[in-house]
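S.K.: Sending over protein00.cif (mmCIF, C-alpha atoms).
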```cif
data_upload
loop_
_atom_site.label_atom_id
_atom_site.label_comp_id
_atom_site.auth_asym_id
_atom_site.auth_seq_id
_atom_site.Cartn_x
_atom_site.Cartn_y
_atom_site.Cartn_z
CA MET A 25 95.79 109.99 91.46
CA LYS A 26 99.03 109.66 93.42
CA ILE A 27 98.74 109.89 97.20
CA ARG A 28 102.16 109.33 98.71
CA THR A 29 101.95 110.82 102.20
CA VAL A 30 99.53 111.01 105.12
CA ASN A 31 99.21 114.74 104.49
CA GLU A 32 98.26 114.19 100.86
CA LEU A 33 95.71 111.60 101.93
CA GLN A 34 94.28 114.02 104.49
CA ASP A 35 94.08 116.77 101.87
CA CYS A 36 92.09 114.45 99.58
CA ILE A 37 89.74 113.46 102.38
CA ASP A 38 89.29 117.07 103.51
CA SER A 39 88.51 118.17 99.96
CA GLU A 40 86.06 115.30 99.52
CA MET A 41 84.27 116.08 102.77
CA ALA A 42 84.19 119.86 102.31
CA TRP A 43 82.02 119.89 99.22
CA ARG A 44 79.85 117.03 100.48
CA LYS A 45 79.17 118.77 103.80
CA HIS A 46 78.35 121.97 101.90
CA GLU A 47 75.89 120.22 99.61
CA LEU A 48 74.34 118.20 102.43
CA SER A 49 73.66 121.48 104.25
CA ALA A 50 72.10 122.91 101.10
CA ILE A 51 69.89 119.82 100.72
CA ARG A 52 68.63 120.20 104.28
CA GLU A 53 67.98 123.90 103.73
CA ASN A 54 65.97 123.07 100.63
CA VAL A 55 63.70 120.88 102.72
CA GLU A 56 63.40 123.50 105.46
CA ASN A 57 62.58 126.33 103.06
CA ALA A 58 60.27 124.46 100.70
CA ARG A 59 56.53 125.16 100.92
CA LYS A 60 53.45 122.98 100.44
CA PHE A 61 53.83 120.57 97.51
CA SER A 62 57.47 121.56 97.03
CA LYS A 63 58.19 120.19 100.51
CA ASP A 64 57.44 116.62 99.41
CA THR A 65 59.55 117.08 96.30
CA ALA A 66 62.45 118.40 98.36
CA ILE A 67 62.24 115.46 100.76
CA ARG A 68 62.20 112.91 97.94
CA ALA A 69 65.16 114.63 96.26
CA GLY A 70 66.89 114.85 99.63
CA ILE A 71 66.74 111.10 100.21
CA ALA A 72 68.09 110.36 96.72
CA LEU A 73 70.98 112.80 97.15
CA LEU A 74 71.65 111.61 100.69
CA TYR A 75 72.18 108.10 99.37
CA ALA A 76 74.39 109.46 96.57
CA HIS A 77 76.65 111.13 99.13
CA TRP A 78 76.78 107.98 101.26
CA GLU A 79 77.87 105.87 98.29
CA GLY A 80 80.19 108.45 96.79
CA ALA A 81 81.99 109.34 100.01
CA ILE A 82 82.61 105.75 101.06
CA LYS A 83 83.81 104.71 97.62
CA ASN A 84 86.11 107.69 97.07
CA ILE A 85 87.64 107.85 100.54
CA ALA A 86 88.25 104.08 100.61
CA SER A 87 89.93 104.44 97.21
CA TYR A 88 92.14 107.26 98.51
CA TYR A 89 93.26 105.06 101.40
CA LEU A 90 94.04 102.17 99.07
CA GLU A 91 96.02 104.52 96.82
CA TYR A 92 98.02 105.70 99.82
CA VAL A 93 98.83 102.18 101.03
CA SER A 94 99.74 101.17 97.47
CA SER A 95 102.19 104.08 97.19
CA LEU A 96 104.13 102.89 100.26
CA LYS A 97 105.37 99.81 98.36
CA LEU A 98 105.80 97.88 101.60
CA PRO A 99 106.59 94.17 101.42
CA TYR A 100 103.43 92.08 101.50
CA GLY A 101 104.57 90.50 104.75
CA GLU A 102 104.39 93.91 106.44
CA LEU A 103 100.82 94.49 105.26
CA LYS A 104 97.58 93.02 106.49
CA PRO A 105 96.53 89.92 104.50
CA ASN A 106 93.68 91.75 102.76
CA PHE A 107 96.18 93.70 100.66
CA LEU A 108 97.85 90.54 99.38
CA ALA A 109 94.36 89.23 98.61
CA ILE A 110 93.70 92.31 96.47
CA SER A 111 96.87 91.68 94.47
CA MET A 112 96.12 88.00 93.99
CA LYS A 113 92.39 88.33 93.36
CA ASN A 114 92.52 87.29 89.70
CA LYS A 115 94.76 84.34 90.48
CA LEU A 116 92.48 83.29 93.33
CA LYS A 117 89.53 83.45 90.96
CA SER A 118 91.24 81.27 88.35
CA ILE A 119 92.21 78.75 91.03
CA GLU A 120 88.64 78.60 92.25
CA GLU A 121 87.56 77.53 88.79
CA SER A 122 90.24 74.84 88.54
CA ASN A 123 90.69 71.42 90.14
CA LYS A 124 94.37 71.20 89.21
CA THR A 125 96.58 70.53 92.20
CA THR A 126 99.55 71.96 90.31
CA LEU A 127 97.85 75.35 90.11
CA HIS A 128 96.85 75.22 93.76
CA THR A 129 100.39 74.36 94.79
CA ARG A 130 101.83 77.14 92.65
CA LEU A 131 99.51 79.66 94.26
CA VAL A 132 100.42 78.52 97.77
CA SER A 133 104.10 78.80 96.87
CA GLU A 134 103.58 82.34 95.57
CA ILE A 135 101.76 83.32 98.74
CA LEU A 136 104.53 81.90 100.96
CA ALA A 137 107.21 83.64 98.90
CA SER A 138 105.39 86.97 98.77
CA CYS A 139 106.22 88.09 102.31
CA SER A 140 109.49 89.73 101.28
CA ILE A 141 108.28 90.99 97.89
CA LYS A 142 107.56 94.69 97.51
CA SER A 143 103.80 95.13 97.15
CA THR A 144 102.17 96.27 93.92
CA LEU A 145 98.57 96.93 94.85
CA PRO A 146 96.00 97.60 92.12
CA THR A 147 93.82 100.61 92.84
CA GLU A 148 91.54 100.94 89.80
CA ASN A 149 88.04 99.47 90.15
CA VAL A 150 88.91 97.73 93.41
CA ILE A 151 86.35 99.53 95.59
CA LYS A 152 82.96 98.69 94.15
CA THR A 153 79.51 99.62 95.43
CA GLY A 154 77.34 98.25 92.65
CA SER A 155 75.22 101.42 92.97
CA ASN A 156 73.65 99.74 95.99
CA LEU A 157 75.82 100.39 99.03
CA ASN A 158 74.02 98.29 101.61
CA SER A 159 75.53 96.94 104.81
CA GLU A 160 76.88 93.76 103.19
CA ILE A 161 78.71 95.67 100.48
CA PHE A 162 79.96 98.14 103.08
CA LYS A 163 81.42 95.27 105.13
CA GLU A 164 83.16 93.96 102.01
CA ILE A 165 84.68 97.39 101.36
CA MET A 166 85.91 97.53 104.94
CA ALA A 167 87.41 94.05 104.57
CA THR A 168 89.09 95.13 101.33
CA ILE A 169 90.89 98.03 103.02
CA GLY A 170 91.43 96.13 106.28
CA LEU A 171 89.36 98.26 108.65
CA ASP A 172 86.93 97.29 111.41
CA TYR A 173 83.22 97.83 110.72
CA SER A 174 81.85 96.88 114.14
CA GLU A 175 81.10 100.47 115.14
CA TYR A 176 78.68 100.77 112.21
CA GLU A 177 76.64 97.66 112.94
CA GLY A 178 74.05 99.65 114.89
CA ALA A 179 73.36 101.68 111.74
CA PHE A 180 72.88 98.75 109.37
CA LEU A 181 69.10 98.79 109.79
CA LEU A 182 69.09 102.49 108.96
CA ILE A 183 71.19 101.91 105.85
CA ASP A 184 69.38 98.85 104.51
CA SER A 185 65.76 99.13 105.59
CA ILE A 186 65.37 102.88 105.67
CA LEU A 187 67.77 104.80 103.43
CA LEU A 188 68.12 102.26 100.61
CA ASP A 189 64.52 101.13 100.83
CA LYS A 190 63.18 104.66 100.56
CA ARG A 191 65.70 105.64 97.91
CA ASN A 192 64.69 102.64 95.76
CA LYS A 193 61.00 103.40 96.16
CA ILE A 194 61.59 107.04 95.22
CA ALA A 195 63.54 105.89 92.16
CA HIS A 196 60.46 103.90 91.17
CA GLY A 197 58.17 106.90 91.53
CA GLU A 198 56.63 106.39 94.97
CA HIS A 199 54.96 109.42 96.58
CA VAL A 200 56.15 110.63 99.99
CA GLU A 201 52.89 109.64 101.68
CA TYR A 202 53.63 105.98 100.86
CA LEU A 203 57.16 106.15 102.24
CA ASP A 204 56.42 106.85 105.91
CA LEU A 205 58.55 109.92 105.46
CA ASP A 206 57.75 113.39 106.75
CA GLU A 207 59.97 116.38 107.37
CA ALA A 208 61.00 115.38 110.90
CA ARG A 209 61.81 111.84 109.79
CA TYR A 210 63.89 113.18 106.93
CA TYR A 211 65.96 115.34 109.29
CA GLU A 212 66.60 112.32 111.50
CA ILE A 213 67.82 110.21 108.57
CA HIS A 214 69.84 113.11 107.20
CA GLU A 215 71.76 113.71 110.42
CA LYS A 216 72.48 110.05 111.07
CA MET A 217 73.79 109.43 107.55
CA ARG A 218 75.84 112.62 107.61
CA ASN A 219 77.42 111.49 110.87
CA LEU A 220 78.20 108.05 109.42
CA ILE A 221 80.02 109.63 106.48
CA ILE A 222 82.04 111.84 108.83
CA GLN A 223 82.79 108.85 111.06
CA PHE A 224 84.13 106.89 108.10
CA ALA A 225 86.29 109.78 106.91
CA ASN A 226 87.77 110.14 110.40
CA GLN A 227 88.36 106.40 110.70
CA VAL A 228 90.32 106.29 107.44
CA SER A 229 92.38 109.32 108.44
CA ASN A 230 93.22 107.74 111.78
CA ALA A 231 94.04 104.40 110.14
CA ALA A 232 96.70 106.07 108.01
CA VAL A 233 98.21 107.98 110.94
CA LEU A 234 98.24 104.86 113.15
CA ASN A 235 99.62 102.58 110.42
CA GLU A 236 96.63 100.25 110.68
CA TYR A 237 97.48 98.79 107.29
CA ARG A 238 100.49 97.05 108.81
CA ASN A 239 100.57 93.39 109.80
CA LYS A 240 100.86 93.49 113.60
CA ASN A 241 102.31 89.98 113.61
CA CYS A 242 105.28 91.10 111.57
#
```
Would you mind writing the structure in this file as structure tokens?
M.R.:
Amino acid sequence: MKIRTVNELQDCIDSEMAWRKHELSAIRENVENARKFSKDTAIRAGIALLYAHWEGAIKNIASYYLEYVSSLKLPYGELKPNFLAISMKNKLKSIEESNKTTLHTRLVSEILASCSIKSTLPTENVIKTGSNLNSEIFKEIMATIGLDYSEYEGAFLLIDSILLDKRNKIAHGEHVEYLDLDEARYYEIHEKMRNLIIQFANQVSNAAVLNEYRNKNC
């Protein structure tokens, strides 16, 4: 996928969010309209799909942003350091496994010389969730794309101890009555996670418009 302009990025984000919002509404309606035993089934399915949208939206939208920044081909010196780190990840890994001063020196020299070099950012398989998008992995994704995660810290308990915990228990066959999860509780989780996804989408859009990928010290 080639995303070369802010408008193209916004189109990708809008398209991503449109179908997710539509399906999230349908999931909630399924819970509302279900009767008796089907209500528990709808709630369990709702939690599983709610997590799927959380993981999918964060991964895809972060990838769109990275694709956009990559397409700009700005010199590394004009980008935040995280983007240079993405480009040099494999080299950094090989250095970590070596005690050779010559390799360390070579890497430092490359870093110092990279400021004026046009960036070539990889975009494939950079944003990884490990099918377990908890708060720690989320923070790593935010660090990868150079965005602040502080506004989400209040939701980390919800993500880790509620959404992921219940999703994992459901995946292992737990019944609703053992999940401390009724219809009202589901609606609460649903709305909070939906709002977090929207918040992230808006943050990425704003980051592109405000050039937050740029090195402010440059």
S.K.: Mind pulling up the distance from atom CA of A:Met217 to atom CA of A:Leu187?
M.R.: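 Computed distance, atom CA of A:Leu187 to atom CA of A:Met217, equals 8.6 Å.
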S.K.: Identify all residues satisfying the PyMOL selection byres ((chain A and resi 87) around 10) in the given file; provide them as a PyMOL selection string.
M.R.: chain A and resi 25+81-86+88-93+147-152+165+169
S.K.: Quick check on the file I pasted: which residues fall under the PyMOL selection byres ((chain A and resi 103) around 10)? Write them as number ranges by chain.
M.R.: A: 93, 97-102, 104-108, 139, 143, 170, 235-242
S.K.: Applied to this file, what does the PyMOL selection byres ((chain A and resi 54-58) around 10) return in terms of residues, put as a VMD selection string?
M.R.: chain A and resid 48 to 53 59 to 70 207 210 to 211
S.K.: Contacts of A:Ile213 at 9 Å or less, counting all atoms listed in the file, minus same-chain residues fewer than 6 places along, as an MDAnalysis selection string?
M.R.: chainID A and resid 71 74 182 186:187
